[in-house]
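upload.pdb (PDB, C-alpha atoms)
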ATOM      1  CA  MET A   1     104.634  94.476  78.808
ATOM      2  CA  LYS A   2     107.865  94.248  76.836
ATOM      3  CA  ARG A   3     106.216  95.931  73.871
ATOM      4  CA  SER A   4     104.996  98.842  76.013
ATOM      5  CA  LEU A   5     108.459  99.301  77.492
ATOM      6  CA  LEU A   6     110.000  99.325  74.012
ATOM      7  CA  LEU A   7     107.533 101.944  72.777
ATOM      8  CA  THR A   8     108.182 104.069  75.851
ATOM      9  CA  VAL A   9     111.946 103.898  75.314
ATOM     10  CA  ILE A  10     111.536 104.872  71.649
ATOM     11  CA  LEU A  11     109.438 107.917  72.529
ATOM     12  CA  LEU A  12     111.870 108.972  75.248
ATOM     13  CA  ALA A  13     114.811 108.590  72.863
ATOM     14  CA  ALA A  14     112.997 110.795  70.359
ATOM     15  CA  ALA A  15     112.460 113.415  73.043
ATOM     16  CA  LEU A  16     116.089 113.343  74.163
ATOM     17  CA  SER A  17     117.276 113.654  70.562
ATOM     18  CA  THR A  18     115.658 117.089  70.445
ATOM     19  CA  ALA A  19     117.842 118.556  73.200
ATOM     20  CA  HIS A  20     118.314 121.766  71.211
ATOM     21  CA  ALA A  21     114.569 122.526  71.430
ATOM     22  CA  SER A  22     112.898 124.584  74.154
ATOM     23  CA  LYS A  23     112.151 122.720  77.353
ATOM     24  CA  ASN A  24     108.504 122.295  78.264
ATOM     25  CA  MET A  25     107.179 121.737  81.805
ATOM     26  CA  THR A  26     103.584 121.352  82.990
ATOM     27  CA  PHE A  27     102.122 121.058  86.505
ATOM     28  CA  LYS A  28      98.554 119.726  86.792
ATOM     29  CA  VAL A  29      96.000 118.750  89.437
ATOM     30  CA  GLY A  30      92.441 117.528  89.227
ATOM     31  CA  LEU A  31      89.994 114.668  89.698
ATOM     32  CA  TYR A  32      90.504 111.037  88.680
ATOM     33  CA  ALA A  33      87.521 108.683  88.408
ATOM     34  CA  PRO A  34      88.883 105.121  87.996
ATOM     35  CA  ALA A  35      86.585 102.224  87.123
ATOM     36  CA  GLU A  36      87.144  99.999  90.185
ATOM     37  CA  LEU A  37      88.674 102.430  92.691
ATOM     38  CA  LYS A  38      87.327 105.484  94.500
ATOM     39  CA  ALA A  39      87.330 108.882  92.768
ATOM     40  CA  GLY A  40      90.048 111.129  94.126
ATOM     41  CA  VAL A  41      92.675 113.790  93.481
ATOM     42  CA  ILE A  42      95.367 113.183  90.867
ATOM     43  CA  TRP A  43      98.538 115.223  90.436
ATOM     44  CA  GLY A  44     100.595 115.412  87.269
ATOM     45  CA  LEU A  45     103.995 116.582  86.079
ATOM     46  CA  GLU A  46     105.222 116.590  82.472
ATOM     47  CA  TYR A  47     108.670 117.512  81.220
ATOM     48  CA  GLY A  48     110.097 117.375  77.731
ATOM     49  CA  TYR A  49     110.862 119.390  74.640
ATOM     50  CA  ALA A  50     108.824 121.720  72.459
ATOM     51  CA  ILE A  51     109.721 120.796  68.881
ATOM     52  CA  ASP A  52     108.004 123.977  67.686
ATOM     53  CA  GLU A  53     105.169 126.223  68.845
ATOM     54  CA  ASN A  54     102.604 123.433  68.413
ATOM     55  CA  VAL A  55     104.305 120.048  69.007
ATOM     56  CA  SER A  56     105.915 118.778  72.218
ATOM     57  CA  LEU A  57     107.445 115.424  73.177
ATOM     58  CA  LEU A  58     107.000 114.798  76.899
ATOM     59  CA  PHE A  59     107.660 112.392  79.728
ATOM     60  CA  GLY A  60     104.845 112.434  82.275
ATOM     61  CA  GLY A  61     104.192 111.102  85.751
ATOM     62  CA  ASP A  62     100.799 111.100  87.490
ATOM     63  CA  LEU A  63      99.893 110.247  91.081
ATOM     64  CA  TYR A  64      96.381 109.385  92.250
ATOM     65  CA  TRP A  65      95.982 109.006  96.006
ATOM     66  CA  LYS A  66      92.834 108.263  97.997
ATOM     67  CA  THR A  67      92.268 107.464 101.670
ATOM     68  CA  ILE A  68      88.893 106.550 103.187
ATOM     69  CA  GLU A  69      88.425 106.136 106.938
ATOM     70  CA  ASP A  70      85.342 104.630 108.567
ATOM     71  CA  LYS A  71      84.891 106.169 112.023
ATOM     72  CA  GLU A  72      82.535 105.676 114.956
ATOM     73  CA  ASP A  73      81.533 108.672 117.079
ATOM     74  CA  LEU A  74      81.621 107.762 120.772
ATOM     75  CA  GLY A  75      80.399 111.103 122.084
ATOM     76  CA  ASP A  76      81.990 113.696 124.337
ATOM     77  CA  THR A  77      84.301 113.137 127.285
ATOM     78  CA  GLU A  78      85.794 115.549 129.810
ATOM     79  CA  SER A  79      89.522 115.719 130.466
ATOM     80  CA  VAL A  80      91.513 118.321 132.422
ATOM     81  CA  GLY A  81      88.503 120.573 132.473
ATOM     82  CA  VAL A  82      87.661 120.589 128.764
ATOM     83  CA  ASN A  83      85.205 118.663 126.603
ATOM     84  CA  LEU A  84      86.726 116.351 124.003
ATOM     85  CA  GLU A  85      85.068 114.495 121.139
ATOM     86  CA  THR A  86      85.892 110.801 121.236
ATOM     87  CA  GLY A  87      85.837 108.447 118.281
ATOM     88  CA  ARG A  88      87.211 105.157 117.047
ATOM     89  CA  TYR A  89      88.536 104.009 113.674
ATOM     90  CA  LEU A  90      86.674 101.006 112.268
ATOM     91  CA  SER A  91      88.510 100.589 108.967
ATOM     92  CA  LYS A  92      90.968 102.353 106.680
ATOM     93  CA  TRP A  93      91.196 102.064 102.890
ATOM     94  CA  LYS A  94      94.171 103.439 100.978
ATOM     95  CA  GLY A  95      94.846 103.332  97.273
ATOM     96  CA  PHE A  96      97.214 104.920  94.811
ATOM     97  CA  HIS A  97      97.866 104.634  91.097
ATOM     98  CA  MET A  98     100.978 105.938  89.342
ATOM     99  CA  PRO A  99     101.274 105.866  85.532
ATOM    100  CA  LEU A 100     104.573 106.888  83.883
ATOM    101  CA  THR A 101     104.212 107.710  80.195
ATOM    102  CA  ALA A 102     106.034 109.086  77.194
ATOM    103  CA  LYS A 103     103.644 111.172  75.110
ATOM    104  CA  ILE A 104     103.172 113.678  72.333
ATOM    105  CA  ARG A 105     101.057 116.837  72.609
ATOM    106  CA  MET A 106      99.917 118.605  69.441
ATOM    107  CA  ALA A 107      98.283 122.030  69.615
ATOM    108  CA  ILE A 108      95.815 123.248  66.993
ATOM    109  CA  PRO A 109      96.281 127.014  66.461
ATOM    110  CA  LEU A 110      93.066 128.894  65.766
ATOM    111  CA  ASP A 111      94.743 131.998  64.309
ATOM    112  CA  ASN A 112      97.836 134.135  64.868
ATOM    113  CA  TYR A 113      96.085 136.409  67.381
ATOM    114  CA  SER A 114      94.163 133.940  69.528
ATOM    115  CA  SER A 115      95.370 133.157  73.059
ATOM    116  CA  LEU A 116      93.480 129.838  72.954
ATOM    117  CA  LYS A 117      95.023 126.666  71.536
ATOM    118  CA  PRO A 118      93.072 123.408  71.587
ATOM    119  CA  PHE A 119      95.329 120.355  71.742
ATOM    120  CA  VAL A 120      95.275 116.576  71.536
ATOM    121  CA  THR A 121      97.665 114.282  73.375
ATOM    122  CA  ALA A 122      98.496 110.579  73.502
ATOM    123  CA  GLY A 123     101.041 108.468  75.346
ATOM    124  CA  LEU A 124     102.218 104.986  76.319
ATOM    125  CA  GLY A 125     104.000 103.687  79.389
ATOM    126  CA  ILE A 126     103.847 101.584  82.523
ATOM    127  CA  GLY A 127     101.645 101.877  85.611
ATOM    128  CA  TYR A 128     101.577 100.790  89.234
ATOM    129  CA  THR A 129      98.507 100.380  91.451
ATOM    130  CA  HIS A 130      98.537  99.524  95.155
ATOM    131  CA  ILE A 131      95.507  99.038  97.414
ATOM    132  CA  SER A 132      95.548  98.335 101.166
ATOM    133  CA  PHE A 133      92.737  97.773 103.661
ATOM    134  CA  THR A 134      92.816  97.562 107.461
ATOM    135  CA  ASP A 135      89.851  96.373 109.545
ATOM    136  CA  LEU A 136      89.994  97.697 113.132
ATOM    137  CA  ALA A 137      86.426  96.922 114.165
ATOM    138  CA  ASN A 138      87.398  94.170 116.626
ATOM    139  CA  ASP A 139      88.393  96.639 119.376
ATOM    140  CA  GLY A 140      91.583  97.376 117.442
ATOM    141  CA  THR A 141      93.395  94.591 119.271
ATOM    142  CA  ASP A 142      93.733  92.298 116.253
ATOM    143  CA  PRO A 143      93.600  94.397 113.057
ATOM    144  CA  GLN A 144      92.974  92.489 109.839
ATOM    145  CA  GLU A 145      95.079  93.765 106.949
ATOM    146  CA  ASP A 146      95.188  92.953 103.247
ATOM    147  CA  SER A 147      96.744  94.562 100.168
ATOM    148  CA  LEU A 148      96.918  94.237  96.376
ATOM    149  CA  THR A 149      99.640  95.372  93.989
ATOM    150  CA  TYR A 150      99.390  95.374  90.187
ATOM    151  CA  THR A 151     101.684  96.653  87.434
ATOM    152  CA  GLY A 152     101.328  96.742  83.670
ATOM    153  CA  PHE A 153     100.928  98.640  80.425
ATOM    154  CA  VAL A 154      99.106 101.992  80.400
ATOM    155  CA  TRP A 155      98.023 104.295  77.619
ATOM    156  CA  GLN A 156      96.566 107.796  77.666
ATOM    157  CA  ALA A 157      94.611 109.818  75.121
ATOM    158  CA  GLY A 158      92.619 113.010  75.268
ATOM    159  CA  GLY A 159      92.722 116.723  74.723
ATOM    160  CA  GLY A 160      92.189 120.132  76.182
ATOM    161  CA  ILE A 161      92.932 123.826  75.849
ATOM    162  CA  LEU A 162      96.040 125.951  76.383
ATOM    163  CA  TYR A 163      95.357 129.592  77.263
ATOM    164  CA  ARG A 164      98.379 131.836  76.795
ATOM    165  CA  ILE A 165      98.954 134.302  79.643
ATOM    166  CA  GLY A 166     102.524 135.286  78.739
ATOM    167  CA  SER A 167     105.132 134.889  76.043
ATOM    168  CA  ARG A 168     106.233 131.520  77.492
ATOM    169  CA  SER A 169     103.467 130.571  79.921
ATOM    170  CA  SER A 170      99.948 129.193  79.572
ATOM    171  CA  LEU A 171      97.123 127.871  81.671
ATOM    172  CA  ILE A 172      95.984 124.368  80.749
ATOM    173  CA  GLY A 173      92.734 122.462  81.098
ATOM    174  CA  GLU A 174      92.394 118.872  79.935
ATOM    175  CA  MET A 175      90.339 115.702  79.932
ATOM    176  CA  ILE A 176      92.422 112.526  79.563
ATOM    177  CA  TYR A 177      91.423 108.871  79.497
ATOM    178  CA  ASN A 178      93.962 106.681  81.304
ATOM    179  CA  GLY A 179      93.811 103.036  80.168
ATOM    180  CA  ALA A 180      95.204 100.851  82.952
ATOM    181  CA  LYS A 181      93.667  97.384  83.168
ATOM    182  CA  PHE A 182      96.196  95.077  84.832
ATOM    183  CA  GLU A 183      96.351  91.291  85.023
ATOM    184  CA  LYS A 184      98.308  89.179  87.501
ATOM    185  CA  ASP A 185      98.936  85.432  87.617
ATOM    186  CA  GLU A 186      97.880  83.652  90.792
ATOM    187  CA  GLU A 187      98.557  80.168  92.154
ATOM    188  CA  GLY A 188      96.944  77.126  90.572
ATOM    189  CA  GLY A 189      96.714  78.594  87.069
ATOM    190  CA  TYR A 190      94.305  81.354  88.099
ATOM    191  CA  TYR A 191      94.650  85.038  87.314
ATOM    192  CA  THR A 192      93.049  88.243  88.567
ATOM    193  CA  THR A 193      92.521  91.631  86.931
ATOM    194  CA  LEU A 194      92.270  95.128  88.365
ATOM    195  CA  ASN A 195      90.830  97.907  86.254
ATOM    196  CA  SER A 196      92.401 101.231  87.264
ATOM    197  CA  SER A 197      91.265 102.899  84.026
ATOM    198  CA  GLY A 198      89.330 106.132  84.130
ATOM    199  CA  LEU A 199      88.971 109.786  83.203
ATOM    200  CA  MET A 200      91.159 112.629  84.463
ATOM    201  CA  PHE A 201      89.826 116.196  84.629
ATOM    202  CA  ARG A 202      92.668 118.594  85.382
ATOM    203  CA  VAL A 203      93.855 122.174  85.263
ATOM    204  CA  GLY A 204      97.420 123.400  85.507
ATOM    205  CA  PHE A 205     100.251 125.646  84.403
ATOM    206  CA  ASN A 206     102.491 125.168  81.358
ATOM    207  CA  ILE A 207     105.927 126.820  81.025
ATOM    208  CA  LEU A 208     108.253 127.028  78.029
ATOM    209  CA  MET A 209     111.867 127.325  79.182
ATOM    210  CA  PHE A 210     114.997 128.161  77.208
TER     211      PHE A 210
END
This entry written out as structure tokens:
Amino acid sequence: MKRSLLLTVILLAAALSTAHASKNMTFKVGLYAPAELKAGVIWGLEYGYAIDENVSLLFGGDLYWKTIEDKEDLGDTESVGVNLETGRYLSKWKGFHMPLTAKIRMAIPLDNYSSLKPFVTAGLGIGYTHISFTDLANDGTDPQEDSLTYTGFVWQAGGGILYRIGSRSSLIGEMIYNGAKFEKDEEGGYYTTLNSSGLMFRVGFNILMF
């Protein structure tokens, strides 16, 4: 954990030392398929500095959020002259994962006239995963609740394509592997692990600012 924090600080310091370079911002959204959680939507934001036309140092934050509700259909009822559908919640599952990383993105220019630029990217940082579950099946009068929270080192690696649509703007498509297997000490010398690792498939919009 300490090593990952040190590496993150070093990468961030390198990015801040390039304050004279163009600022780079990327918004992304897509699908995240973690190993031991449910597949769901993941949002992303990256901000940093473009060292030149092909290399950028970035700080990124991602947010995966998934909610699953188990419902029971109780049929139709009539109230104040209209038909209403009646149901009951049996259980609710909520989970989110948030990695914060410092990373480098390197584009591979095809030629001087191509609007397409393949790129590779890699980063290190810290992550946070929280899972909660509520069981309401017992008439909802005595809900049973439980939750898990894990933090630890994360790493990301992958690649994609930048498609230039303007002098300082591009569309982006990427596939990134997010390594996030966390371990937590429990009582009595035991420990537990939660594997939040998985693949991200995302599209977005990249902007170069002055």
**Request:** Would you mind reading off the distance between atom CA of A:Gly158 and atom CA of A:Val41, one decimal, in Å?
**Result:**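 Separating atom CA of A:Gly158 from atom CA of A:Val41 is a distance of 18.2 Å.
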**Asked** Applied to the shown file, which residues does the PyMOL selection byres ((chain A and resi 105) around 6) return, written as a list of chain:residue names?
**Response**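 Output of the PyMOL selection byres ((chain A and resi 105) around 6): A:Val55, A:Ser56, A:Ile104, A:Met106, A:Val120, A:Thr121.
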Kindly provide, as AutoDock Vina command-line options, the centre and edge lengths (Å, one decimal) of an axis-aligned box around all atoms of stretch 194-209 of chain A given in the file, with 3 Å on each side.
--center_x 100.4 --center_y 111.2 --center_z 83.2 --size_x 28.9 --size_y 38.2 --size_z 16.3
**Message:** Under the PyMOL selection byres ((chain A and resi 64) around 12), which residues of this model are included? Write them out as a VMD selection string.
**Reply:** chain A and resid 28 to 34 37 to 44 61 to 63 65 to 67 94 to 100 127 to 131 178 196 to 200
**Request:** Rounded to one decimal place, report the atom CA of A:Arg88-atom CA of A:Asp70 distance in Å.
**Result:** 8.7 Å
**Request:** Identify which of the residues A:Lys92, A:Lys117, A:Arg164, A:Lys103 lies closest to A:Ser132, counting all atoms listed in the file when measuring atom-to-atom distances.
**Result:**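 Among the listed residues, the smallest separation from A:Ser132 belongs to A:Lys92.
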**Item:** Computed interatomic separation between atom CA of A:Gly123 and atom CA of A:Thr149 (Å)
**Value:**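 Those two atoms sit 22.8 Å apart.
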**Message:** Quick check on the file I pasted: which residues fall under the PyMOL selection byres ((chain A and resi 86) around 6)? Write them as a ChimeraX atom specification.
**Reply:** /A:74-76,85,87
**Message:** Measuring between all atoms listed in the file, which one of A:Ile51, A:Leu90, A:Leu194, A:Ala107 shows the shortest distance to A:Leu148?
**Reply:**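 When distances to A:Leu148 are compared using all atoms listed in the file, the smallest one comes from A:Leu194.
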**Message:** At a cut-off of 8 Å, using all atoms listed in the file, what residues contact A:Ser170? Leave out same-chain residues fewer than 3 positions from it and give the result as a list in words.
**Reply:**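 Once the nearby chain positions are removed, what remains is Leu162, Tyr163, Arg164, Ile165, Gly166, Phe205, Asn206 and Ile207 of chain A.
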**Asked** When distances are computed from all atoms listed in the file, which of A:Gln156, A:Leu208, A:Ala180, A:Lys71 shows the smallest separation from A:Tyr47?
**Response**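 Checking each candidate against A:Tyr47, we get A:Leu208 as the closest.
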**Request:** Would you please work out which residue, of A:Asn83, A:Tyr89, A:Gly60, A:Leu136, is nearest to A:Ala102 when using all atoms listed in the file?
**Result:**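 Looking only at the distances to A:Ala102, the closest residue turns out to be A:Gly60.
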**Item:** Distance criterion (all atoms listed in the file): nearest to A:Tyr150 out of A:Thr192, A:Glu187, A:Ser114, A:Leu58
**Value:**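 The shortest atom-to-atom distance to A:Tyr150 comes from A:Thr192.
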**Asked** Hey, which of A:Val154, A:Leu124, A:Met25, A:Leu110 ends up closest to A:Asn195? Count only C-alpha atoms.
**Response**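 Nearest to A:Asn195: A:Val154.
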Where atoms are absent from stretch 81-97 of chain A, fill them in so it carries N, CA, C and O atoms, then output it as a PDB file, keeping the file's coordinate frame.
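This is the output file rebuild16.pdb:
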ATOM      1  N   GLY A  81      89.383 119.422 132.475  1.00  0.00           N
ATOM      2  CA  GLY A  81      88.503 120.573 132.473  1.00  0.00           C
ATOM      3  C   GLY A  81      87.977 121.010 131.133  1.00  0.00           C
ATOM      4  O   GLY A  81      87.354 122.079 131.036  1.00  0.00           O
ATOM      5  N   VAL A  82      88.187 120.232 130.082  1.00  0.00           N
ATOM      6  CA  VAL A  82      87.661 120.589 128.764  1.00  0.00           C
ATOM      7  C   VAL A  82      86.906 119.402 128.183  1.00  0.00           C
ATOM      8  O   VAL A  82      87.147 118.240 128.530  1.00  0.00           O
ATOM      9  N   ASN A  83      85.963 119.701 127.281  1.00  0.00           N
ATOM     10  CA  ASN A  83      85.205 118.663 126.603  1.00  0.00           C
ATOM     11  C   ASN A  83      85.941 118.217 125.343  1.00  0.00           C
ATOM     12  O   ASN A  83      86.381 119.051 124.548  1.00  0.00           O
ATOM     13  N   LEU A  84      86.072 116.927 125.174  1.00  0.00           N
ATOM     14  CA  LEU A  84      86.726 116.351 124.003  1.00  0.00           C
ATOM     15  C   LEU A  84      85.759 115.432 123.278  1.00  0.00           C
ATOM     16  O   LEU A  84      84.959 114.731 123.909  1.00  0.00           O
ATOM     17  N   GLU A  85      85.836 115.444 121.937  1.00  0.00           N
ATOM     18  CA  GLU A  85      85.068 114.495 121.139  1.00  0.00           C
ATOM     19  C   GLU A  85      85.866 113.202 121.001  1.00  0.00           C
ATOM     20  O   GLU A  85      87.041 113.235 120.640  1.00  0.00           O
ATOM     21  N   THR A  86      85.224 112.101 121.275  1.00  0.00           N
ATOM     22  CA  THR A  86      85.892 110.801 121.236  1.00  0.00           C
ATOM     23  C   THR A  86      85.346 109.971 120.083  1.00  0.00           C
ATOM     24  O   THR A  86      84.139 109.942 119.846  1.00  0.00           O
ATOM     25  N   GLY A  87      86.239 109.314 119.379  1.00  0.00           N
ATOM     26  CA  GLY A  87      85.837 108.447 118.281  1.00  0.00           C
ATOM     27  C   GLY A  87      86.754 107.253 118.159  1.00  0.00           C
ATOM     28  O   GLY A  87      87.752 107.130 118.893  1.00  0.00           O
ATOM     29  N   ARG A  88      86.402 106.364 117.240  1.00  0.00           N
ATOM     30  CA  ARG A  88      87.211 105.157 117.047  1.00  0.00           C
ATOM     31  C   ARG A  88      87.233 104.815 115.564  1.00  0.00           C
ATOM     32  O   ARG A  88      86.206 104.886 114.881  1.00  0.00           O
ATOM     33  N   TYR A  89      88.409 104.468 115.049  1.00  0.00           N
ATOM     34  CA  TYR A  89      88.536 104.009 113.674  1.00  0.00           C
ATOM     35  C   TYR A  89      88.019 102.587 113.555  1.00  0.00           C
ATOM     36  O   TYR A  89      88.383 101.706 114.337  1.00  0.00           O
ATOM     37  N   LEU A  90      87.174 102.352 112.539  1.00  0.00           N
ATOM     38  CA  LEU A  90      86.674 101.006 112.268  1.00  0.00           C
ATOM     39  C   LEU A  90      87.435 100.344 111.122  1.00  0.00           C
ATOM     40  O   LEU A  90      87.716  99.154 111.154  1.00  0.00           O
ATOM     41  N   SER A  91      87.758 101.130 110.101  1.00  0.00           N
ATOM     42  CA  SER A  91      88.510 100.589 108.967  1.00  0.00           C
ATOM     43  C   SER A  91      89.190 101.729 108.234  1.00  0.00           C
ATOM     44  O   SER A  91      88.774 102.889 108.318  1.00  0.00           O
ATOM     45  N   LYS A  92      90.244 101.387 107.496  1.00  0.00           N
ATOM     46  CA  LYS A  92      90.968 102.353 106.680  1.00  0.00           C
ATOM     47  C   LYS A  92      91.246 101.731 105.313  1.00  0.00           C
ATOM     48  O   LYS A  92      91.724 100.598 105.224  1.00  0.00           O
ATOM     49  N   TRP A  93      90.931 102.486 104.273  1.00  0.00           N
ATOM     50  CA  TRP A  93      91.196 102.064 102.890  1.00  0.00           C
ATOM     51  C   TRP A  93      92.144 103.068 102.267  1.00  0.00           C
ATOM     52  O   TRP A  93      91.911 104.276 102.345  1.00  0.00           O
ATOM     53  N   LYS A  94      93.214 102.570 101.656  1.00  0.00           N
ATOM     54  CA  LYS A  94      94.171 103.439 100.978  1.00  0.00           C
ATOM     55  C   LYS A  94      94.467 102.883  99.593  1.00  0.00           C
ATOM     56  O   LYS A  94      94.657 101.683  99.425  1.00  0.00           O
ATOM     57  N   GLY A  95      94.512 103.771  98.623  1.00  0.00           N
ATOM     58  CA  GLY A  95      94.846 103.332  97.273  1.00  0.00           C
ATOM     59  C   GLY A  95      95.607 104.401  96.522  1.00  0.00           C
ATOM     60  O   GLY A  95      95.371 105.594  96.716  1.00  0.00           O
ATOM     61  N   PHE A  96      96.572 103.962  95.708  1.00  0.00           N
ATOM     62  CA  PHE A  96      97.214 104.920  94.811  1.00  0.00           C
ATOM     63  C   PHE A  96      97.559 104.253  93.484  1.00  0.00           C
ATOM     64  O   PHE A  96      97.769 103.045  93.404  1.00  0.00           O
ATOM     65  N   HIS A  97      97.577 105.085  92.458  1.00  0.00           N
ATOM     66  CA  HIS A  97      97.866 104.634  91.097  1.00  0.00           C
ATOM     67  C   HIS A  97      98.859 105.612  90.489  1.00  0.00           C
ATOM     68  O   HIS A  97      98.667 106.832  90.573  1.00  0.00           O
TER      69      HIS A  97
END
